[in-house]
file protein_39.cif (mmCIF, N, CA and C atoms)
data_run
loop_
_atom_site.label_atom_id
_atom_site.label_comp_id
_atom_site.auth_asym_id
_atom_site.auth_seq_id
_atom_site.Cartn_x
_atom_site.Cartn_y
_atom_site.Cartn_z
N MET A 1 11.56 7.62 -3.43
CA MET A 1 12.25 8.73 -4.07
C MET A 1 13.70 8.74 -3.61
N LYS A 2 14.57 9.14 -4.50
CA LYS A 2 16.00 9.18 -4.20
C LYS A 2 16.48 10.63 -4.25
N ILE A 3 17.27 11.01 -3.25
CA ILE A 3 17.74 12.38 -3.10
C ILE A 3 19.24 12.38 -2.88
N SER A 4 19.94 13.35 -3.49
CA SER A 4 21.35 13.58 -3.18
C SER A 4 21.46 14.86 -2.37
N ILE A 5 22.33 14.83 -1.38
CA ILE A 5 22.52 15.99 -0.53
C ILE A 5 24.01 16.26 -0.38
N GLY A 6 24.35 17.55 -0.39
CA GLY A 6 25.74 17.96 -0.20
C GLY A 6 25.80 19.24 0.60
N ASN A 7 26.80 19.36 1.43
CA ASN A 7 26.94 20.55 2.28
C ASN A 7 28.39 20.82 2.60
N ASP A 8 28.67 22.10 2.89
CA ASP A 8 29.99 22.45 3.37
C ASP A 8 29.95 22.53 4.90
N HIS A 9 30.96 23.14 5.47
CA HIS A 9 31.12 23.20 6.93
C HIS A 9 30.03 24.01 7.63
N ALA A 10 29.24 24.79 6.91
CA ALA A 10 28.15 25.54 7.53
C ALA A 10 26.92 24.67 7.77
N GLY A 11 26.88 23.48 7.16
CA GLY A 11 25.64 22.74 7.18
C GLY A 11 25.57 21.34 7.73
N PRO A 12 26.57 20.83 8.49
CA PRO A 12 26.44 19.43 8.94
C PRO A 12 25.22 19.18 9.82
N ASP A 13 24.89 20.09 10.69
CA ASP A 13 23.72 19.89 11.55
C ASP A 13 22.42 19.95 10.75
N TYR A 14 22.41 20.81 9.75
CA TYR A 14 21.24 20.91 8.86
C TYR A 14 21.08 19.62 8.08
N LYS A 15 22.20 19.15 7.53
CA LYS A 15 22.15 17.91 6.76
C LYS A 15 21.65 16.75 7.61
N LYS A 16 22.16 16.62 8.81
CA LYS A 16 21.75 15.52 9.67
C LYS A 16 20.25 15.56 9.92
N ALA A 17 19.72 16.73 10.25
CA ALA A 17 18.28 16.86 10.51
C ALA A 17 17.46 16.55 9.26
N ILE A 18 17.92 17.02 8.12
CA ILE A 18 17.20 16.77 6.86
C ILE A 18 17.26 15.30 6.48
N VAL A 19 18.44 14.70 6.59
CA VAL A 19 18.58 13.27 6.25
C VAL A 19 17.73 12.42 7.18
N ASP A 20 17.75 12.71 8.47
CA ASP A 20 16.91 11.96 9.42
C ASP A 20 15.44 12.07 9.05
N PHE A 21 15.00 13.28 8.72
CA PHE A 21 13.61 13.52 8.32
C PHE A 21 13.26 12.72 7.06
N LEU A 22 14.14 12.78 6.06
CA LEU A 22 13.85 12.10 4.80
C LEU A 22 13.89 10.58 4.94
N LYS A 23 14.84 10.06 5.70
CA LYS A 23 14.90 8.61 5.91
C LYS A 23 13.65 8.11 6.64
N ALA A 24 13.14 8.90 7.58
CA ALA A 24 11.91 8.53 8.29
C ALA A 24 10.73 8.46 7.34
N LYS A 25 10.80 9.20 6.25
CA LYS A 25 9.73 9.18 5.24
C LYS A 25 9.99 8.14 4.15
N GLY A 26 11.10 7.39 4.25
CA GLY A 26 11.39 6.33 3.31
C GLY A 26 12.22 6.73 2.10
N TYR A 27 12.77 7.92 2.11
CA TYR A 27 13.62 8.36 1.00
C TYR A 27 14.98 7.67 1.06
N GLU A 28 15.56 7.47 -0.12
CA GLU A 28 16.92 6.95 -0.24
C GLU A 28 17.83 8.16 -0.41
N ILE A 29 18.97 8.17 0.27
CA ILE A 29 19.84 9.35 0.29
C ILE A 29 21.25 9.03 -0.19
N ASN A 30 21.77 9.87 -1.10
CA ASN A 30 23.20 9.89 -1.43
C ASN A 30 23.77 11.08 -0.67
N ASN A 31 24.70 10.82 0.22
CA ASN A 31 25.24 11.87 1.08
C ASN A 31 26.66 12.23 0.63
N TYR A 32 26.81 13.45 0.11
CA TYR A 32 28.11 13.93 -0.31
C TYR A 32 28.67 15.00 0.62
N GLY A 33 27.94 15.32 1.66
CA GLY A 33 28.35 16.43 2.52
C GLY A 33 29.35 16.06 3.58
N THR A 34 29.98 17.09 4.11
CA THR A 34 30.89 16.90 5.22
C THR A 34 30.10 16.76 6.52
N ASP A 35 30.70 16.09 7.48
CA ASP A 35 30.05 15.90 8.78
C ASP A 35 30.73 16.71 9.87
N THR A 36 31.65 17.60 9.48
CA THR A 36 32.37 18.39 10.48
C THR A 36 32.24 19.87 10.17
N ASN A 37 32.65 20.70 11.14
CA ASN A 37 32.65 22.15 10.96
C ASN A 37 34.00 22.65 10.44
N ASP A 38 34.91 21.73 10.11
CA ASP A 38 36.20 22.12 9.56
C ASP A 38 35.99 22.71 8.16
N SER A 39 36.67 23.81 7.89
CA SER A 39 36.49 24.52 6.63
C SER A 39 36.78 23.62 5.42
N VAL A 40 35.84 23.62 4.48
CA VAL A 40 35.96 22.88 3.23
C VAL A 40 35.45 23.77 2.10
N ASP A 41 35.61 23.32 0.88
CA ASP A 41 35.18 24.08 -0.29
C ASP A 41 33.84 23.57 -0.80
N TYR A 42 32.81 24.44 -0.78
CA TYR A 42 31.46 24.02 -1.17
C TYR A 42 31.36 23.41 -2.57
N PRO A 43 32.17 23.81 -3.57
CA PRO A 43 32.03 23.16 -4.88
C PRO A 43 32.29 21.66 -4.83
N ASP A 44 33.15 21.23 -3.92
CA ASP A 44 33.45 19.80 -3.81
C ASP A 44 32.21 18.99 -3.45
N PHE A 45 31.21 19.62 -2.89
CA PHE A 45 30.00 18.92 -2.47
C PHE A 45 28.80 19.26 -3.35
N GLY A 46 28.87 20.39 -4.05
CA GLY A 46 27.80 20.76 -4.97
C GLY A 46 27.88 20.01 -6.29
N HIS A 47 29.10 19.79 -6.80
CA HIS A 47 29.26 19.10 -8.08
C HIS A 47 28.66 17.69 -8.08
N PRO A 48 28.95 16.84 -7.09
CA PRO A 48 28.38 15.49 -7.16
C PRO A 48 26.85 15.46 -7.06
N VAL A 49 26.27 16.39 -6.31
CA VAL A 49 24.81 16.46 -6.23
C VAL A 49 24.24 16.84 -7.59
N ALA A 50 24.82 17.87 -8.21
CA ALA A 50 24.34 18.31 -9.52
C ALA A 50 24.48 17.20 -10.57
N LEU A 51 25.60 16.49 -10.54
CA LEU A 51 25.80 15.39 -11.49
C LEU A 51 24.76 14.29 -11.30
N ASP A 52 24.47 13.94 -10.05
CA ASP A 52 23.45 12.91 -9.79
C ASP A 52 22.10 13.32 -10.36
N VAL A 53 21.72 14.58 -10.16
CA VAL A 53 20.43 15.06 -10.66
C VAL A 53 20.45 15.11 -12.19
N GLU A 54 21.49 15.69 -12.74
CA GLU A 54 21.57 15.82 -14.20
C GLU A 54 21.57 14.47 -14.90
N ASN A 55 22.24 13.47 -14.30
CA ASN A 55 22.32 12.14 -14.91
C ASN A 55 21.15 11.23 -14.57
N GLY A 56 20.18 11.74 -13.82
CA GLY A 56 18.99 10.96 -13.50
C GLY A 56 19.20 9.88 -12.46
N LYS A 57 20.31 9.96 -11.71
CA LYS A 57 20.55 8.97 -10.65
C LYS A 57 19.66 9.21 -9.44
N VAL A 58 19.17 10.44 -9.30
CA VAL A 58 18.28 10.80 -8.20
C VAL A 58 17.15 11.67 -8.75
N ASP A 59 16.12 11.83 -7.94
CA ASP A 59 14.98 12.65 -8.35
C ASP A 59 15.23 14.13 -8.10
N PHE A 60 15.85 14.44 -6.96
CA PHE A 60 16.10 15.83 -6.58
C PHE A 60 17.41 15.93 -5.80
N GLY A 61 17.90 17.17 -5.67
CA GLY A 61 19.09 17.43 -4.88
C GLY A 61 18.84 18.49 -3.83
N ILE A 62 19.65 18.43 -2.79
CA ILE A 62 19.63 19.42 -1.71
C ILE A 62 21.07 19.84 -1.49
N VAL A 63 21.33 21.15 -1.51
CA VAL A 63 22.67 21.64 -1.24
C VAL A 63 22.60 22.71 -0.15
N ILE A 64 23.64 22.75 0.67
CA ILE A 64 23.66 23.65 1.82
C ILE A 64 25.04 24.27 1.97
N CYS A 65 25.08 25.59 2.08
CA CYS A 65 26.30 26.28 2.47
C CYS A 65 25.88 27.50 3.29
N GLY A 66 26.82 28.31 3.69
CA GLY A 66 26.51 29.43 4.58
C GLY A 66 25.44 30.36 4.04
N SER A 67 25.65 30.86 2.83
CA SER A 67 24.67 31.77 2.23
C SER A 67 23.72 31.06 1.27
N GLY A 68 24.08 29.85 0.88
CA GLY A 68 23.32 29.12 -0.13
C GLY A 68 23.68 29.54 -1.54
N ASN A 69 24.36 30.65 -1.69
CA ASN A 69 24.67 31.18 -3.02
C ASN A 69 25.77 30.41 -3.73
N GLY A 70 26.91 30.24 -3.09
CA GLY A 70 28.05 29.61 -3.76
C GLY A 70 27.74 28.21 -4.24
N ILE A 71 27.09 27.43 -3.41
CA ILE A 71 26.80 26.05 -3.79
C ILE A 71 25.70 25.99 -4.86
N ALA A 72 24.78 26.97 -4.84
CA ALA A 72 23.77 27.05 -5.90
C ALA A 72 24.42 27.44 -7.22
N MET A 73 25.36 28.39 -7.17
CA MET A 73 26.07 28.79 -8.39
C MET A 73 26.83 27.61 -8.98
N THR A 74 27.43 26.81 -8.11
CA THR A 74 28.15 25.62 -8.56
C THR A 74 27.20 24.67 -9.28
N ALA A 75 26.09 24.35 -8.64
CA ALA A 75 25.13 23.40 -9.22
C ALA A 75 24.55 23.92 -10.53
N ASN A 76 24.31 25.22 -10.59
CA ASN A 76 23.69 25.80 -11.78
C ASN A 76 24.61 25.88 -12.99
N LYS A 77 25.86 25.47 -12.86
CA LYS A 77 26.75 25.40 -14.02
C LYS A 77 26.37 24.25 -14.95
N TYR A 78 25.59 23.30 -14.46
CA TYR A 78 25.19 22.13 -15.25
C TYR A 78 23.92 22.46 -16.03
N GLN A 79 23.90 22.08 -17.31
CA GLN A 79 22.77 22.43 -18.19
C GLN A 79 21.42 21.96 -17.65
N GLY A 80 21.35 20.78 -17.09
CA GLY A 80 20.07 20.24 -16.67
C GLY A 80 19.64 20.64 -15.28
N ILE A 81 20.35 21.55 -14.67
CA ILE A 81 20.08 21.89 -13.27
C ILE A 81 19.40 23.25 -13.16
N ARG A 82 18.42 23.29 -12.27
CA ARG A 82 17.76 24.52 -11.87
C ARG A 82 17.76 24.52 -10.34
N ALA A 83 18.86 25.03 -9.78
CA ALA A 83 19.01 25.09 -8.32
C ALA A 83 18.43 26.41 -7.82
N ALA A 84 17.54 26.33 -6.85
CA ALA A 84 16.86 27.51 -6.33
C ALA A 84 17.30 27.78 -4.90
N LEU A 85 17.77 28.99 -4.66
CA LEU A 85 18.11 29.44 -3.31
C LEU A 85 16.81 29.79 -2.60
N CYS A 86 16.54 29.09 -1.51
CA CYS A 86 15.27 29.27 -0.80
C CYS A 86 15.52 29.61 0.66
N TRP A 87 14.71 30.50 1.21
CA TRP A 87 14.82 30.84 2.62
C TRP A 87 13.48 30.83 3.33
N THR A 88 12.40 30.50 2.60
CA THR A 88 11.09 30.26 3.21
C THR A 88 10.42 29.10 2.48
N LYS A 89 9.44 28.50 3.11
CA LYS A 89 8.72 27.40 2.46
C LYS A 89 7.92 27.90 1.27
N GLU A 90 7.49 29.17 1.32
CA GLU A 90 6.74 29.73 0.19
C GLU A 90 7.63 29.86 -1.05
N ILE A 91 8.87 30.28 -0.86
CA ILE A 91 9.79 30.37 -1.99
C ILE A 91 10.13 28.98 -2.51
N ALA A 92 10.27 28.02 -1.60
CA ALA A 92 10.53 26.64 -2.02
C ALA A 92 9.38 26.11 -2.88
N ALA A 93 8.15 26.40 -2.48
CA ALA A 93 6.98 25.96 -3.26
C ALA A 93 6.98 26.62 -4.64
N LEU A 94 7.23 27.92 -4.69
CA LEU A 94 7.25 28.62 -5.97
C LEU A 94 8.38 28.15 -6.87
N ALA A 95 9.52 27.81 -6.28
CA ALA A 95 10.64 27.29 -7.07
C ALA A 95 10.24 26.02 -7.81
N ARG A 96 9.44 25.19 -7.18
CA ARG A 96 8.95 23.97 -7.84
C ARG A 96 7.80 24.30 -8.79
N GLN A 97 6.81 25.05 -8.31
CA GLN A 97 5.60 25.32 -9.11
C GLN A 97 5.91 26.08 -10.39
N HIS A 98 6.73 27.12 -10.29
CA HIS A 98 6.94 28.02 -11.42
C HIS A 98 8.25 27.79 -12.16
N ASN A 99 9.26 27.25 -11.49
CA ASN A 99 10.59 27.13 -12.10
C ASN A 99 11.04 25.70 -12.32
N ASP A 100 10.25 24.73 -11.89
CA ASP A 100 10.60 23.32 -12.00
C ASP A 100 12.00 23.06 -11.45
N ALA A 101 12.33 23.74 -10.33
CA ALA A 101 13.64 23.56 -9.70
C ALA A 101 13.84 22.10 -9.35
N ASN A 102 15.06 21.62 -9.55
CA ASN A 102 15.36 20.23 -9.21
C ASN A 102 16.40 20.11 -8.09
N ILE A 103 16.91 21.25 -7.64
CA ILE A 103 17.79 21.29 -6.47
C ILE A 103 17.37 22.47 -5.61
N ILE A 104 17.25 22.23 -4.33
CA ILE A 104 17.00 23.32 -3.38
C ILE A 104 18.32 23.66 -2.70
N SER A 105 18.62 24.96 -2.64
CA SER A 105 19.82 25.44 -1.97
C SER A 105 19.40 26.16 -0.69
N ILE A 106 20.01 25.75 0.41
CA ILE A 106 19.62 26.26 1.73
C ILE A 106 20.76 27.09 2.32
N PRO A 107 20.46 28.33 2.76
CA PRO A 107 21.46 29.18 3.40
C PRO A 107 21.50 28.92 4.91
N ALA A 108 22.42 28.10 5.34
CA ALA A 108 22.46 27.66 6.73
C ALA A 108 22.62 28.80 7.72
N ARG A 109 23.30 29.84 7.33
CA ARG A 109 23.52 30.94 8.27
C ARG A 109 22.34 31.91 8.35
N PHE A 110 21.30 31.66 7.56
CA PHE A 110 20.16 32.58 7.52
C PHE A 110 18.82 31.89 7.71
N THR A 111 18.83 30.60 8.02
CA THR A 111 17.60 29.86 8.31
C THR A 111 17.85 28.97 9.52
N SER A 112 16.79 28.59 10.17
CA SER A 112 16.90 27.65 11.28
C SER A 112 16.79 26.23 10.74
N ILE A 113 17.20 25.27 11.54
CA ILE A 113 17.09 23.87 11.11
C ILE A 113 15.63 23.47 10.90
N PRO A 114 14.71 23.79 11.82
CA PRO A 114 13.31 23.43 11.55
C PRO A 114 12.77 24.08 10.27
N GLN A 115 13.17 25.31 10.02
CA GLN A 115 12.75 25.99 8.79
C GLN A 115 13.32 25.28 7.57
N ALA A 116 14.56 24.85 7.63
CA ALA A 116 15.18 24.14 6.51
C ALA A 116 14.47 22.82 6.23
N VAL A 117 14.15 22.08 7.27
CA VAL A 117 13.43 20.82 7.10
C VAL A 117 12.06 21.08 6.48
N GLU A 118 11.38 22.12 6.94
CA GLU A 118 10.07 22.47 6.38
C GLU A 118 10.18 22.86 4.90
N MET A 119 11.23 23.60 4.55
CA MET A 119 11.43 23.97 3.15
C MET A 119 11.66 22.74 2.27
N VAL A 120 12.48 21.81 2.76
CA VAL A 120 12.74 20.58 2.01
C VAL A 120 11.45 19.79 1.82
N ASP A 121 10.68 19.66 2.87
CA ASP A 121 9.41 18.94 2.79
C ASP A 121 8.49 19.59 1.75
N THR A 122 8.39 20.90 1.79
CA THR A 122 7.56 21.62 0.83
C THR A 122 8.09 21.44 -0.59
N PHE A 123 9.39 21.61 -0.76
CA PHE A 123 10.03 21.47 -2.07
C PHE A 123 9.73 20.11 -2.69
N LEU A 124 9.91 19.06 -1.91
CA LEU A 124 9.76 17.70 -2.43
C LEU A 124 8.30 17.30 -2.65
N SER A 125 7.39 17.97 -1.99
CA SER A 125 5.98 17.60 -2.12
C SER A 125 5.20 18.52 -3.06
N THR A 126 5.88 19.46 -3.70
CA THR A 126 5.22 20.41 -4.60
C THR A 126 5.53 20.05 -6.04
N ASN A 127 4.50 20.05 -6.86
CA ASN A 127 4.65 19.71 -8.28
C ASN A 127 4.83 20.96 -9.14
N PHE A 128 5.49 20.78 -10.27
CA PHE A 128 5.62 21.82 -11.28
C PHE A 128 4.26 22.03 -11.93
N GLU A 129 3.86 23.28 -12.11
CA GLU A 129 2.55 23.59 -12.68
C GLU A 129 2.51 23.49 -14.20
N GLY A 130 3.66 23.58 -14.85
CA GLY A 130 3.69 23.51 -16.31
C GLY A 130 3.02 24.74 -16.93
N GLY A 131 2.33 24.54 -18.05
CA GLY A 131 1.63 25.64 -18.71
C GLY A 131 2.56 26.76 -19.10
N ARG A 132 2.15 28.00 -18.79
CA ARG A 132 2.95 29.17 -19.15
C ARG A 132 4.34 29.11 -18.51
N HIS A 133 4.45 28.43 -17.37
CA HIS A 133 5.74 28.31 -16.70
C HIS A 133 6.69 27.40 -17.48
N ALA A 134 6.16 26.39 -18.14
CA ALA A 134 7.00 25.49 -18.93
C ALA A 134 7.67 26.24 -20.08
N THR A 135 6.95 27.16 -20.70
CA THR A 135 7.53 27.97 -21.78
C THR A 135 8.73 28.74 -21.27
N ARG A 136 8.59 29.32 -20.09
CA ARG A 136 9.68 30.10 -19.50
C ARG A 136 10.85 29.21 -19.10
N VAL A 137 10.55 28.10 -18.46
CA VAL A 137 11.61 27.17 -18.01
C VAL A 137 12.40 26.66 -19.21
N ASN A 138 11.71 26.42 -20.32
CA ASN A 138 12.38 25.92 -21.52
C ASN A 138 13.36 26.93 -22.11
N LYS A 139 13.27 28.19 -21.69
CA LYS A 139 14.17 29.24 -22.19
C LYS A 139 15.39 29.43 -21.29
N ILE A 140 15.48 28.72 -20.18
CA ILE A 140 16.57 28.92 -19.22
C ILE A 140 17.90 28.40 -19.73
N ALA A 141 17.95 27.18 -20.21
CA ALA A 141 19.21 26.54 -20.61
C ALA A 141 19.83 27.26 -21.80
N CYS A 142 21.15 27.32 -21.82
CA CYS A 142 21.88 27.88 -22.97
C CYS A 142 21.83 26.87 -24.11
N GLN A 143 21.79 27.37 -25.30
CA GLN A 143 21.71 26.48 -26.47
C GLN A 143 23.09 26.18 -27.01
#
call {"tool": "encode", "arguments": {"input": "protein_39.cif", "output": "structure tokens"}}
result
Amino acid sequence: MKISIGNDHAGPDYKKAIVDFLKAKGYEINNYGTDTNDSVDYPDFGHPVALDVENGKVDFGIVICGSGNGIAMTANKYQGIRAALCWTKEIAALARQHNDANIISIPARFTSIPQAVEMVDTFLSTNFEGGRHATRVNKIACQ
């Protein structure tokens, strides 16, 4: 499986832990995030992740910023993207099961690194349930 990840200055430590975890599981990673705590603009890292997912270059995306909101809003500007802001593994599972989310957004200032890794693991290992949820998901995109 191939994953794109992007983060701003709130998430370099989160990104490193997540990338290490995913590489140990054999995932291929496109890394668009910063590796420093120097202030940067989250859209610069959310756009390339969203483009990779929308264009089918990767299977899923992971984005990280302080609240998780700004970078999720950036990713969700793309028609084919359903970025879900998650702060527990249960929400990550539901984002996949019910919303067919293709990007997980992590709020670095409100979750721990182990919690973030657990959410990513849950997100990537949970399937979309389809059925009544597919009808709803099909209504999300603007026409």
call {"tool": "resolve_selection", "arguments": {"input": "protein_39.cif", "expression": "the PyMOL selection byres ((chain A and resi 86) around 7)", "output": "mmCIF file with N, CA and C atoms, keeping the file's coordinate frame"}}
result
data_model
loop_
_atom_site.group_PDB
_atom_site.id
_atom_site.type_symbol
_atom_site.label_atom_id
_atom_site.label_comp_id
_atom_site.auth_asym_id
_atom_site.auth_seq_id
_atom_site.Cartn_x
_atom_site.Cartn_y
_atom_site.Cartn_z
ATOM 1 N N GLY A 68 24.080 29.850 0.880
ATOM 2 C CA GLY A 68 23.320 29.120 -0.130
ATOM 3 C C GLY A 68 23.680 29.540 -1.540
ATOM 4 N N ALA A 84 17.540 26.330 -6.850
ATOM 5 C CA ALA A 84 16.860 27.510 -6.330
ATOM 6 C C ALA A 84 17.300 27.780 -4.900
ATOM 7 N N LEU A 85 17.770 28.990 -4.660
ATOM 8 C CA LEU A 85 18.110 29.440 -3.310
ATOM 9 C C LEU A 85 16.810 29.790 -2.600
ATOM 10 N N TRP A 87 14.710 30.500 1.210
ATOM 11 C CA TRP A 87 14.820 30.840 2.620
ATOM 12 C C TRP A 87 13.480 30.830 3.330
ATOM 13 N N THR A 88 12.400 30.500 2.600
ATOM 14 C CA THR A 88 11.090 30.260 3.210
ATOM 15 C C THR A 88 10.420 29.100 2.480
ATOM 16 N N LYS A 89 9.440 28.500 3.110
ATOM 17 C CA LYS A 89 8.720 27.400 2.460
ATOM 18 C C LYS A 89 7.920 27.900 1.270
ATOM 19 N N ILE A 91 8.870 30.280 -0.860
ATOM 20 C CA ILE A 91 9.790 30.370 -1.990
ATOM 21 C C ILE A 91 10.130 28.980 -2.510
ATOM 22 N N ALA A 92 10.270 28.020 -1.600
ATOM 23 C CA ALA A 92 10.530 26.640 -2.020
ATOM 24 C C ALA A 92 9.380 26.110 -2.880
ATOM 25 N N ILE A 104 17.250 22.230 -4.330
ATOM 26 C CA ILE A 104 17.000 23.320 -3.380
ATOM 27 C C ILE A 104 18.320 23.660 -2.700
ATOM 28 N N SER A 105 18.620 24.960 -2.640
ATOM 29 C CA SER A 105 19.820 25.440 -1.970
ATOM 30 C C SER A 105 19.400 26.160 -0.690
ATOM 31 N N ILE A 106 20.010 25.750 0.410
ATOM 32 C CA ILE A 106 19.620 26.260 1.730
ATOM 33 C C ILE A 106 20.760 27.090 2.320
ATOM 34 N N PRO A 107 20.460 28.330 2.760
ATOM 35 C CA PRO A 107 21.460 29.180 3.400
ATOM 36 C C PRO A 107 21.500 28.920 4.910
#
call {"tool": "residues_around", "arguments": {"input": "protein_39.cif", "residues": "A:Val63", "least_positions_apart": "2", "cutoff": "8 Å", "atoms": "only C-alpha atoms", "output": "PyMOL selection string"}}
result
chain A and resi 5-7+45-46+49+61+65+68+71-72+103-106
call {"tool": "atom_distance", "arguments": {"input": "protein_39.cif", "atom1": "atom CA of A:Ser4", "atom2": "atom CA of A:Phe128"}}
result
19.5 Å
call {"tool": "closest_residue", "arguments": {"input": "protein_39.cif", "among": "A:Val53, A:Ala101, A:Met119, A:Met1", "to": "A:Ala83", "atoms": "only C-alpha atoms"}}
result
A:Ala101
call {"tool": "select_by_dssp", "arguments": {"input": "protein_39.cif", "residues": "chain A", "states": "helix (DSSP H, G or I)", "output": "ChimeraX atom specification"}}
result
/A:12-24,43-54,69-75,89-99,113-125,132-137
call {"tool": "closest_residue", "arguments": {"input": "protein_39.cif", "among": "A:Ala93, A:Asn55, A:Lys2, A:Ala108", "to": "A:Gly26", "atoms": "all atoms listed in the file"}}
result
A:Lys2
call {"tool": "closest_residue", "arguments": {"input": "protein_39.cif", "among": "A:Ala134, A:Val19, A:Ala116, A:Ile81", "to": "A:Tyr32", "atoms": "only C-alpha atoms"}}
result
A:Val19
call {"tool": "atom_distance", "arguments": {"input": "protein_39.cif", "atom1": "atom CA of A:Val117", "atom2": "atom C of A:Ile64"}}
result
13.2 Å
call {"tool": "atom_distance", "arguments": {"input": "protein_39.cif", "atom1": "atom C of A:Thr74", "atom2": "atom CA of A:Arg132"}}
result
26.6 Å
call {"tool": "closest_residue", "arguments": {"input": "protein_39.cif", "among": "A:Lys77, A:His98, A:His47, A:Lys15", "to": "A:Gly131", "atoms": "only C-alpha atoms"}}
result
A:His98
call {"tool": "build_atoms", "arguments": {"input": "protein_39.cif", "residues": "stretch 105-111 of chain A", "atoms": "all heavy atoms", "output": "PDB file, in the frame of the given file"}}
result
ATOM      1  N   SER A 105      18.620  24.960  -2.640  1.00  0.00           N
ATOM      2  CA  SER A 105      19.820  25.440  -1.970  1.00  0.00           C
ATOM      3  C   SER A 105      19.400  26.160  -0.690  1.00  0.00           C
ATOM      4  O   SER A 105      18.552  27.060  -0.722  1.00  0.00           O
ATOM      5  CB  SER A 105      20.591  26.386  -2.887  1.00  0.00           C
ATOM      6  OG  SER A 105      21.778  26.804  -2.253  1.00  0.00           O
ATOM      7  N   ILE A 106      20.010  25.750   0.410  1.00  0.00           N
ATOM      8  CA  ILE A 106      19.620  26.260   1.730  1.00  0.00           C
ATOM      9  C   ILE A 106      20.760  27.090   2.320  1.00  0.00           C
ATOM     10  O   ILE A 106      21.891  26.619   2.420  1.00  0.00           O
ATOM     11  CB  ILE A 106      19.269  25.091   2.662  1.00  0.00           C
ATOM     12  CG1 ILE A 106      18.070  24.333   2.076  1.00  0.00           C
ATOM     13  CG2 ILE A 106      19.000  25.582   4.078  1.00  0.00           C
ATOM     14  CD1 ILE A 106      17.751  23.047   2.763  1.00  0.00           C
ATOM     15  N   PRO A 107      20.460  28.330   2.760  1.00  0.00           N
ATOM     16  CA  PRO A 107      21.460  29.180   3.400  1.00  0.00           C
ATOM     17  C   PRO A 107      21.500  28.920   4.910  1.00  0.00           C
ATOM     18  O   PRO A 107      20.712  29.467   5.673  1.00  0.00           O
ATOM     19  CB  PRO A 107      20.951  30.593   3.089  1.00  0.00           C
ATOM     20  CG  PRO A 107      19.465  30.443   3.013  1.00  0.00           C
ATOM     21  CD  PRO A 107      19.208  29.050   2.493  1.00  0.00           C
ATOM     22  N   ALA A 108      22.420  28.100   5.340  1.00  0.00           N
ATOM     23  CA  ALA A 108      22.460  27.660   6.730  1.00  0.00           C
ATOM     24  C   ALA A 108      22.620  28.800   7.720  1.00  0.00           C
ATOM     25  O   ALA A 108      22.120  28.729   8.844  1.00  0.00           O
ATOM     26  CB  ALA A 108      23.581  26.629   6.928  1.00  0.00           C
ATOM     27  N   ARG A 109      23.300  29.840   7.330  1.00  0.00           N
ATOM     28  CA  ARG A 109      23.520  30.940   8.270  1.00  0.00           C
ATOM     29  C   ARG A 109      22.340  31.910   8.350  1.00  0.00           C
ATOM     30  O   ARG A 109      22.376  32.868   9.116  1.00  0.00           O
ATOM     31  CB  ARG A 109      24.800  31.685   7.900  1.00  0.00           C
ATOM     32  CG  ARG A 109      26.025  30.808   8.093  1.00  0.00           C
ATOM     33  CD  ARG A 109      27.329  31.575   8.036  1.00  0.00           C
ATOM     34  NE  ARG A 109      28.424  30.663   8.293  1.00  0.00           N
ATOM     35  CZ  ARG A 109      29.400  30.402   7.431  1.00  0.00           C
ATOM     36  NH1 ARG A 109      29.425  30.999   6.256  1.00  0.00           N
ATOM     37  NH2 ARG A 109      30.355  29.549   7.748  1.00  0.00           N
ATOM     38  N   PHE A 110      21.300  31.660   7.560  1.00  0.00           N
ATOM     39  CA  PHE A 110      20.160  32.580   7.520  1.00  0.00           C
ATOM     40  C   PHE A 110      18.820  31.890   7.710  1.00  0.00           C
ATOM     41  O   PHE A 110      17.779  32.530   7.539  1.00  0.00           O
ATOM     42  CB  PHE A 110      20.187  33.371   6.202  1.00  0.00           C
ATOM     43  CG  PHE A 110      21.431  34.194   6.071  1.00  0.00           C
ATOM     44  CD1 PHE A 110      22.546  33.703   5.407  1.00  0.00           C
ATOM     45  CD2 PHE A 110      21.511  35.443   6.656  1.00  0.00           C
ATOM     46  CE1 PHE A 110      23.713  34.446   5.300  1.00  0.00           C
ATOM     47  CE2 PHE A 110      22.673  36.206   6.562  1.00  0.00           C
ATOM     48  CZ  PHE A 110      23.771  35.702   5.889  1.00  0.00           C
ATOM     49  N   THR A 111      18.830  30.600   8.020  1.00  0.00           N
ATOM     50  CA  THR A 111      17.600  29.860   8.310  1.00  0.00           C
ATOM     51  C   THR A 111      17.850  28.970   9.520  1.00  0.00           C
ATOM     52  O   THR A 111      18.986  28.629   9.827  1.00  0.00           O
ATOM     53  CB  THR A 111      17.183  28.963   7.127  1.00  0.00           C
ATOM     54  OG1 THR A 111      18.228  28.044   6.836  1.00  0.00           O
ATOM     55  CG2 THR A 111      16.859  29.777   5.884  1.00  0.00           C
TER      56      THR A 111
END
